[in-house]
$ cat structure24.tsv   # TSV, N, CA and C atoms
chain	number	residue	atom	x	y	z
A	1	MET	N	-39.48	-32.14	5.27
A	1	MET	CA	-38.60	-31.39	6.14
A	1	MET	C	-37.51	-30.73	5.30
A	2	ARG	N	-37.21	-29.48	5.60
A	2	ARG	CA	-36.17	-28.74	4.87
A	2	ARG	C	-34.79	-29.16	5.31
A	3	ARG	N	-33.92	-29.29	4.33
A	3	ARG	CA	-32.52	-29.59	4.63
A	3	ARG	C	-31.81	-28.30	5.04
A	4	PRO	N	-30.89	-28.38	5.96
A	4	PRO	CA	-30.13	-27.18	6.30
A	4	PRO	C	-29.24	-26.80	5.13
A	5	PRO	N	-28.89	-25.53	5.02
A	5	PRO	CA	-28.01	-25.12	3.92
A	5	PRO	C	-26.64	-25.78	4.07
A	6	PRO	N	-25.93	-25.95	2.96
A	6	PRO	CA	-24.59	-26.55	3.06
A	6	PRO	C	-23.66	-25.61	3.82
A	7	PRO	N	-22.64	-26.17	4.45
A	7	PRO	CA	-21.71	-25.32	5.19
A	7	PRO	C	-20.96	-24.39	4.25
A	8	THR	N	-20.67	-23.21	4.73
A	8	THR	CA	-19.89	-22.27	3.94
A	8	THR	C	-18.41	-22.43	4.29
A	9	ALA	N	-17.56	-22.06	3.36
A	9	ALA	CA	-16.13	-22.14	3.61
A	9	ALA	C	-15.75	-21.28	4.81
A	10	SER	N	-16.31	-20.09	4.90
A	10	SER	CA	-15.94	-19.20	6.01
A	10	SER	C	-16.35	-19.80	7.35
A	11	GLY	N	-17.50	-20.45	7.40
A	11	GLY	CA	-17.94	-21.09	8.63
A	11	GLY	C	-17.04	-22.26	9.02
A	12	LEU	N	-16.68	-23.07	8.04
A	12	LEU	CA	-15.79	-24.20	8.30
A	12	LEU	C	-14.41	-23.72	8.75
A	13	ILE	N	-13.91	-22.68	8.12
A	13	ILE	CA	-12.60	-22.14	8.47
A	13	ILE	C	-12.62	-21.62	9.91
A	14	ALA	N	-13.66	-20.91	10.27
A	14	ALA	CA	-13.77	-20.38	11.65
A	14	ALA	C	-13.82	-21.53	12.65
A	15	ARG	N	-14.62	-22.57	12.35
A	15	ARG	CA	-14.71	-23.72	13.26
A	15	ARG	C	-13.39	-24.47	13.38
A	16	ALA	N	-12.55	-24.36	12.36
A	16	ALA	CA	-11.23	-25.01	12.40
A	16	ALA	C	-10.23	-24.19	13.20
A	17	GLY	N	-10.64	-22.98	13.62
A	17	GLY	CA	-9.77	-22.17	14.47
A	17	GLY	C	-8.90	-21.15	13.76
A	18	LEU	N	-9.15	-20.93	12.49
A	18	LEU	CA	-8.36	-19.96	11.73
A	18	LEU	C	-9.16	-18.68	11.56
A	19	VAL	N	-8.54	-17.55	11.79
A	19	VAL	CA	-9.20	-16.26	11.58
A	19	VAL	C	-8.90	-15.82	10.15
A	20	ALA	N	-9.92	-15.84	9.31
A	20	ALA	CA	-9.81	-15.44	7.91
A	20	ALA	C	-11.04	-14.61	7.58
A	21	HIS	N	-10.85	-13.35	7.32
A	21	HIS	CA	-11.98	-12.45	7.07
A	21	HIS	C	-12.42	-12.56	5.61
A	22	LEU	N	-13.71	-12.75	5.43
A	22	LEU	CA	-14.28	-12.87	4.10
A	22	LEU	C	-14.41	-11.49	3.46
A	23	VAL	N	-13.93	-11.38	2.23
A	23	VAL	CA	-14.02	-10.13	1.48
A	23	VAL	C	-14.96	-10.39	0.30
A	24	GLU	N	-16.04	-9.63	0.24
A	24	GLU	CA	-17.05	-9.80	-0.81
A	24	GLU	C	-17.26	-8.50	-1.55
A	25	GLN	N	-18.23	-8.51	-2.46
A	25	GLN	CA	-18.57	-7.33	-3.24
A	25	GLN	C	-18.90	-6.17	-2.30
A	26	PRO	N	-18.48	-4.97	-2.53
A	26	PRO	CA	-17.92	-4.42	-3.75
A	26	PRO	C	-16.39	-4.48	-3.84
A	27	ALA	N	-15.74	-5.05	-2.84
A	27	ALA	CA	-14.28	-5.11	-2.88
A	27	ALA	C	-13.76	-6.08	-3.93
A	28	VAL	N	-14.55	-7.09	-4.28
A	28	VAL	CA	-14.21	-8.04	-5.34
A	28	VAL	C	-15.42	-8.17	-6.26
A	29	ALA	N	-15.24	-8.81	-7.39
A	29	ALA	CA	-16.33	-8.98	-8.35
A	29	ALA	C	-17.52	-9.68	-7.69
A	30	SER	N	-18.71	-9.45	-8.22
A	30	SER	CA	-19.93	-9.98	-7.61
A	30	SER	C	-19.98	-11.50	-7.61
A	31	ASP	N	-19.23	-12.15	-8.48
A	31	ASP	CA	-19.23	-13.61	-8.51
A	31	ASP	C	-17.99	-14.21	-7.86
A	32	ALA	N	-17.34	-13.43	-7.00
A	32	ALA	CA	-16.10	-13.88	-6.37
A	32	ALA	C	-16.09	-13.53	-4.89
A	33	ALA	N	-15.15	-14.12	-4.19
A	33	ALA	CA	-14.92	-13.79	-2.78
A	33	ALA	C	-13.45	-14.08	-2.49
A	34	ARG	N	-12.94	-13.42	-1.49
A	34	ARG	CA	-11.55	-13.62	-1.09
A	34	ARG	C	-11.50	-13.70	0.42
A	35	PHE	N	-10.44	-14.31	0.93
A	35	PHE	CA	-10.20	-14.32	2.37
A	35	PHE	C	-9.00	-13.44	2.66
A	36	ARG	N	-9.11	-12.64	3.69
A	36	ARG	CA	-8.00	-11.78	4.12
A	36	ARG	C	-7.42	-12.37	5.39
A	37	LEU	N	-6.11	-12.59	5.37
A	37	LEU	CA	-5.39	-13.14	6.51
A	37	LEU	C	-4.28	-12.18	6.91
A	38	GLN	N	-3.90	-12.22	8.15
A	38	GLN	CA	-2.78	-11.40	8.60
A	38	GLN	C	-1.74	-12.30	9.25
A	39	ALA	N	-0.52	-12.16	8.80
A	39	ALA	CA	0.59	-12.91	9.39
A	39	ALA	C	1.36	-12.01	10.34
A	40	MET	N	1.92	-12.61	11.35
A	40	MET	CA	2.75	-11.87	12.31
A	40	MET	C	4.16	-12.43	12.26
A	41	ALA	N	5.10	-11.64	12.71
A	41	ALA	CA	6.50	-12.03	12.65
A	41	ALA	C	6.77	-13.32	13.43
A	42	ASP	N	5.98	-13.58	14.46
A	42	ASP	CA	6.24	-14.79	15.24
A	42	ASP	C	5.49	-16.03	14.74
A	43	HIS	N	4.80	-15.93	13.61
A	43	HIS	CA	4.22	-17.12	13.00
A	43	HIS	C	5.35	-17.94	12.38
A	44	SER	N	5.32	-19.23	12.64
A	44	SER	CA	6.36	-20.11	12.10
A	44	SER	C	5.95	-20.63	10.72
A	45	ASP	N	6.88	-21.27	10.06
A	45	ASP	CA	6.57	-21.90	8.78
A	45	ASP	C	5.47	-22.95	8.97
A	46	ASP	N	5.52	-23.66	10.10
A	46	ASP	CA	4.48	-24.65	10.38
A	46	ASP	C	3.11	-23.99	10.55
A	47	ASP	N	3.06	-22.81	11.16
A	47	ASP	CA	1.80	-22.07	11.30
A	47	ASP	C	1.23	-21.74	9.92
A	48	VAL	N	2.08	-21.29	9.03
A	48	VAL	CA	1.64	-20.94	7.68
A	48	VAL	C	1.16	-22.19	6.94
A	49	ASP	N	1.90	-23.28	7.06
A	49	ASP	CA	1.49	-24.54	6.42
A	49	ASP	C	0.15	-25.02	6.96
A	50	THR	N	-0.05	-24.90	8.26
A	50	THR	CA	-1.32	-25.29	8.87
A	50	THR	C	-2.46	-24.44	8.35
A	51	ALA	N	-2.25	-23.13	8.25
A	51	ALA	CA	-3.28	-22.23	7.73
A	51	ALA	C	-3.64	-22.59	6.29
A	52	ILE	N	-2.64	-22.88	5.48
A	52	ILE	CA	-2.89	-23.27	4.09
A	52	ILE	C	-3.69	-24.57	4.04
A	53	ASP	N	-3.33	-25.53	4.87
A	53	ASP	CA	-4.07	-26.80	4.90
A	53	ASP	C	-5.52	-26.60	5.32
A	54	ILE	N	-5.75	-25.75	6.32
A	54	ILE	CA	-7.11	-25.47	6.78
A	54	ILE	C	-7.91	-24.83	5.66
A	55	LEU	N	-7.35	-23.81	5.00
A	55	LEU	CA	-8.05	-23.14	3.90
A	55	LEU	C	-8.38	-24.14	2.79
A	56	ASP	N	-7.41	-24.90	2.39
A	56	ASP	CA	-7.62	-25.87	1.30
A	56	ASP	C	-8.70	-26.88	1.65
A	57	THR	N	-8.62	-27.46	2.82
A	57	THR	CA	-9.59	-28.46	3.25
A	57	THR	C	-11.00	-27.88	3.34
A	58	CYS	N	-11.13	-26.73	3.99
A	58	CYS	CA	-12.46	-26.15	4.21
A	58	CYS	C	-13.11	-25.68	2.90
A	59	ILE	N	-12.33	-25.08	2.02
A	59	ILE	CA	-12.87	-24.63	0.74
A	59	ILE	C	-13.35	-25.84	-0.08
A	60	HIS	N	-12.55	-26.91	-0.11
A	60	HIS	CA	-12.97	-28.10	-0.85
A	60	HIS	C	-14.20	-28.75	-0.22
A	61	MET	N	-14.26	-28.80	1.11
A	61	MET	CA	-15.44	-29.37	1.78
A	61	MET	C	-16.70	-28.56	1.43
A	62	ALA	N	-16.59	-27.24	1.45
A	62	ALA	CA	-17.75	-26.40	1.14
A	62	ALA	C	-18.17	-26.56	-0.31
A	63	ARG	N	-17.22	-26.67	-1.21
A	63	ARG	CA	-17.56	-26.87	-2.63
A	63	ARG	C	-18.27	-28.19	-2.84
A	64	ARG	N	-17.76	-29.26	-2.20
A	64	ARG	CA	-18.41	-30.58	-2.33
A	64	ARG	C	-19.82	-30.54	-1.75
A	65	ALA	N	-19.99	-29.90	-0.60
A	65	ALA	CA	-21.30	-29.83	0.03
A	65	ALA	C	-22.28	-29.05	-0.84
A	66	THR	N	-21.81	-27.97	-1.43
A	66	THR	CA	-22.67	-27.16	-2.30
A	66	THR	C	-23.04	-27.93	-3.56
A	67	ALA	N	-22.08	-28.63	-4.13
A	67	ALA	CA	-22.33	-29.41	-5.36
A	67	ALA	C	-23.32	-30.54	-5.10
A	68	SER	N	-23.26	-31.13	-3.92
A	68	SER	CA	-24.14	-32.27	-3.64
A	68	SER	C	-25.58	-31.84	-3.39
A	69	THR	N	-25.81	-30.55	-3.12
A	69	THR	CA	-27.18	-30.07	-2.91
A	69	THR	C	-27.78	-29.48	-4.18
A	70	ALA	N	-26.95	-29.35	-5.22
A	70	ALA	CA	-27.44	-28.76	-6.48
A	70	ALA	C	-28.24	-29.75	-7.30

$ encode --input "structure24.tsv" --output "structure tokens"
Amino acid sequence: MRRPPPPTASGLIARAGLVAHLVEQPAVASDAARFRLQAMADHSDDDVDTAIDILDTCIHMARRATASTA
């Protein structure tokens, strides 16, 4: 039986409730990716801290999942 692919950071981030648009080639190098976020004036410091925590957690989870399938 085939194993499902490991979760992607963008998928985990979306499931966590954060809107972060993935930016890929040709906007960035072919071996890189970036997330584009938009802040609004009514976002609080806590909102920004939460977004940073979500990004950090999801990116690390995706890296660990990818490494464990290699």

$ closest_residue --input "structure24.tsv" --among "A:Thr8, A:Asp47, A:Ala27, A:Val19" --to "A:His60" --atoms "only C-alpha atoms"
A:Thr8

$ residues_around --input "structure24.tsv" --residues "A:Ile59" --least-positions-apart "3" --cutoff "8 Å" --atoms "all atoms listed in the file" --output "count of residues only"
13

$ closest_residue --input "structure24.tsv" --among "A:Met1, A:Pro7, A:Glu24, A:Ala29" --to "A:Thr66" --atoms "only C-alpha atoms"
A:Pro7

$ atom_distance --input "structure24.tsv" --atom1 "atom N of A:Pro5" --atom2 "atom C of A:Ala67"
12.6 Å

$ closest_residue --input "structure24.tsv" --among "A:Phe35, A:Asp42, A:Arg2, A:Val48" --to "A:Ala14" --atoms "only C-alpha atoms"
A:Phe35

$ select_by_dssp --input "structure24.tsv" --residues "chain A" --states "alpha helix (DSSP H)" --output "PyMOL selection string"
chain A and resi 9-15+45-69

$ atom_distance --input "structure24.tsv" --atom1 "atom CA of A:Leu37" --atom2 "atom CA of A:Ala20"
5.2 Å

$ atom_distance --input "structure24.tsv" --atom1 "atom CA of A:Gln25" --atom2 "atom CA of A:Cys58"
21.1 Å

$ select_by_dssp --input "structure24.tsv" --residues "stretch 7-40 of chain A" --states "strand (DSSP E)" --output "VMD selection string"
chain A and resid 21 to 23 34 to 36

$ closest_residue --input "structure24.tsv" --among "A:Asp31, A:Pro6, A:Ala16, A:Leu22" --to "A:Thr57" --atoms "only C-alpha atoms"
A:Ala16

$ closest_residue --input "structure24.tsv" --among "A:Pro26, A:Leu18, A:Thr50, A:Pro4" --to "A:Gln38" --atoms "only C-alpha atoms"
A:Leu18

$ decode --input "structure24.tsv" --residues "stretch 10-26 of chain A" --atoms "all heavy atoms" --output "compact mmCIF listing (two decimals), in the first residue's frame"
# COMPACT_ATOMS: atom_id res chain seq x y z
N SER A 10 2.40 24.66 3.51
CA SER A 10 1.27 25.51 3.14
C SER A 10 -0.06 24.86 3.54
O SER A 10 -0.98 25.55 3.99
CB SER A 10 1.30 25.84 1.65
OG SER A 10 1.24 24.67 0.87
N GLY A 11 -0.16 23.55 3.42
CA GLY A 11 -1.37 22.86 3.83
C GLY A 11 -1.59 22.92 5.33
O GLY A 11 -2.71 23.15 5.81
N LEU A 12 -0.51 22.72 6.08
CA LEU A 12 -0.60 22.79 7.54
C LEU A 12 -0.96 24.20 8.00
O LEU A 12 -1.77 24.38 8.91
CB LEU A 12 0.72 22.35 8.17
CG LEU A 12 1.07 20.87 8.01
CD1 LEU A 12 2.52 20.63 8.44
CD2 LEU A 12 0.12 20.00 8.80
N ILE A 13 -0.37 25.20 7.36
CA ILE A 13 -0.64 26.59 7.73
C ILE A 13 -2.11 26.92 7.47
O ILE A 13 -2.77 27.54 8.30
CB ILE A 13 0.30 27.54 6.95
CG1 ILE A 13 1.73 27.39 7.48
CG2 ILE A 13 -0.16 28.99 7.05
CD1 ILE A 13 2.79 28.00 6.59
N ALA A 14 -2.63 26.49 6.33
CA ALA A 14 -4.04 26.76 6.00
C ALA A 14 -4.95 26.07 7.02
O ALA A 14 -5.94 26.66 7.48
CB ALA A 14 -4.35 26.27 4.59
N ARG A 15 -4.64 24.81 7.37
CA ARG A 15 -5.46 24.09 8.35
C ARG A 15 -5.40 24.74 9.73
O ARG A 15 -6.33 24.58 10.53
CB ARG A 15 -5.05 22.63 8.42
CG ARG A 15 -5.65 21.83 7.29
CD ARG A 15 -5.33 20.35 7.40
NE ARG A 15 -4.70 20.00 6.13
CZ ARG A 15 -3.53 19.45 5.98
NH1 ARG A 15 -2.81 19.11 7.01
NH2 ARG A 15 -3.04 19.20 4.80
N ALA A 16 -4.32 25.45 10.01
CA ALA A 16 -4.19 26.15 11.29
C ALA A 16 -4.96 27.47 11.30
O ALA A 16 -5.03 28.13 12.33
CB ALA A 16 -2.72 26.39 11.62
N GLY A 17 -5.51 27.85 10.14
CA GLY A 17 -6.34 29.05 10.08
C GLY A 17 -5.63 30.33 9.66
O GLY A 17 -6.20 31.41 9.76
N LEU A 18 -4.41 30.21 9.20
CA LEU A 18 -3.66 31.40 8.78
C LEU A 18 -3.66 31.49 7.26
O LEU A 18 -3.43 30.48 6.58
CB LEU A 18 -2.21 31.30 9.29
CG LEU A 18 -1.29 32.47 9.00
CD1 LEU A 18 -1.76 33.72 9.73
CD2 LEU A 18 0.13 32.12 9.42
N VAL A 19 -3.92 32.66 6.73
CA VAL A 19 -3.87 32.87 5.28
C VAL A 19 -2.46 33.32 4.93
O VAL A 19 -2.04 34.42 5.28
CB VAL A 19 -4.91 33.91 4.81
CG1 VAL A 19 -4.79 34.15 3.32
CG2 VAL A 19 -6.31 33.46 5.18
N ALA A 20 -1.72 32.45 4.26
CA ALA A 20 -0.34 32.74 3.84
C ALA A 20 -0.20 32.20 2.42
O ALA A 20 -0.28 31.00 2.20
CB ALA A 20 0.66 32.08 4.77
N HIS A 21 -0.02 33.08 1.47
CA HIS A 21 0.06 32.68 0.07
C HIS A 21 1.47 32.22 -0.26
O HIS A 21 2.45 32.89 0.04
CB HIS A 21 -0.34 33.85 -0.84
CG HIS A 21 -1.75 34.29 -0.60
ND1 HIS A 21 -2.83 33.63 -1.11
CD2 HIS A 21 -2.24 35.31 0.13
CE1 HIS A 21 -3.93 34.22 -0.72
NE2 HIS A 21 -3.60 35.24 0.04
N LEU A 22 1.54 31.05 -0.87
CA LEU A 22 2.83 30.48 -1.25
C LEU A 22 3.34 31.16 -2.52
O LEU A 22 2.61 31.31 -3.50
CB LEU A 22 2.67 28.97 -1.50
CG LEU A 22 3.93 28.19 -1.82
CD1 LEU A 22 4.93 28.27 -0.68
CD2 LEU A 22 3.57 26.74 -2.12
N VAL A 23 4.59 31.57 -2.48
CA VAL A 23 5.24 32.20 -3.63
C VAL A 23 6.34 31.25 -4.10
O VAL A 23 7.23 30.91 -3.33
CB VAL A 23 5.84 33.57 -3.26
CG1 VAL A 23 6.51 34.22 -4.46
CG2 VAL A 23 4.77 34.48 -2.67
N GLU A 24 6.24 30.81 -5.35
CA GLU A 24 7.20 29.86 -5.90
C GLU A 24 7.82 30.43 -7.17
O GLU A 24 7.55 31.55 -7.57
CB GLU A 24 6.51 28.53 -6.21
CG GLU A 24 5.94 27.86 -4.98
CD GLU A 24 5.22 26.58 -5.32
OE1 GLU A 24 4.12 26.64 -5.89
OE2 GLU A 24 5.78 25.52 -5.03
N GLN A 25 8.63 29.61 -7.82
CA GLN A 25 9.29 29.99 -9.07
C GLN A 25 8.24 30.42 -10.09
O GLN A 25 7.17 29.82 -10.13
CB GLN A 25 10.09 28.80 -9.60
CG GLN A 25 10.94 29.15 -10.78
CD GLN A 25 11.55 27.91 -11.42
OE1 GLN A 25 10.96 26.85 -11.42
NE2 GLN A 25 12.73 28.06 -11.96
N PRO A 26 8.41 31.45 -10.84
CA PRO A 26 9.63 32.19 -11.11
C PRO A 26 9.87 33.40 -10.19
O PRO A 26 10.84 34.11 -10.36
CB PRO A 26 9.45 32.66 -12.55
CG PRO A 26 8.00 32.90 -12.66
CD PRO A 26 7.36 31.83 -11.79
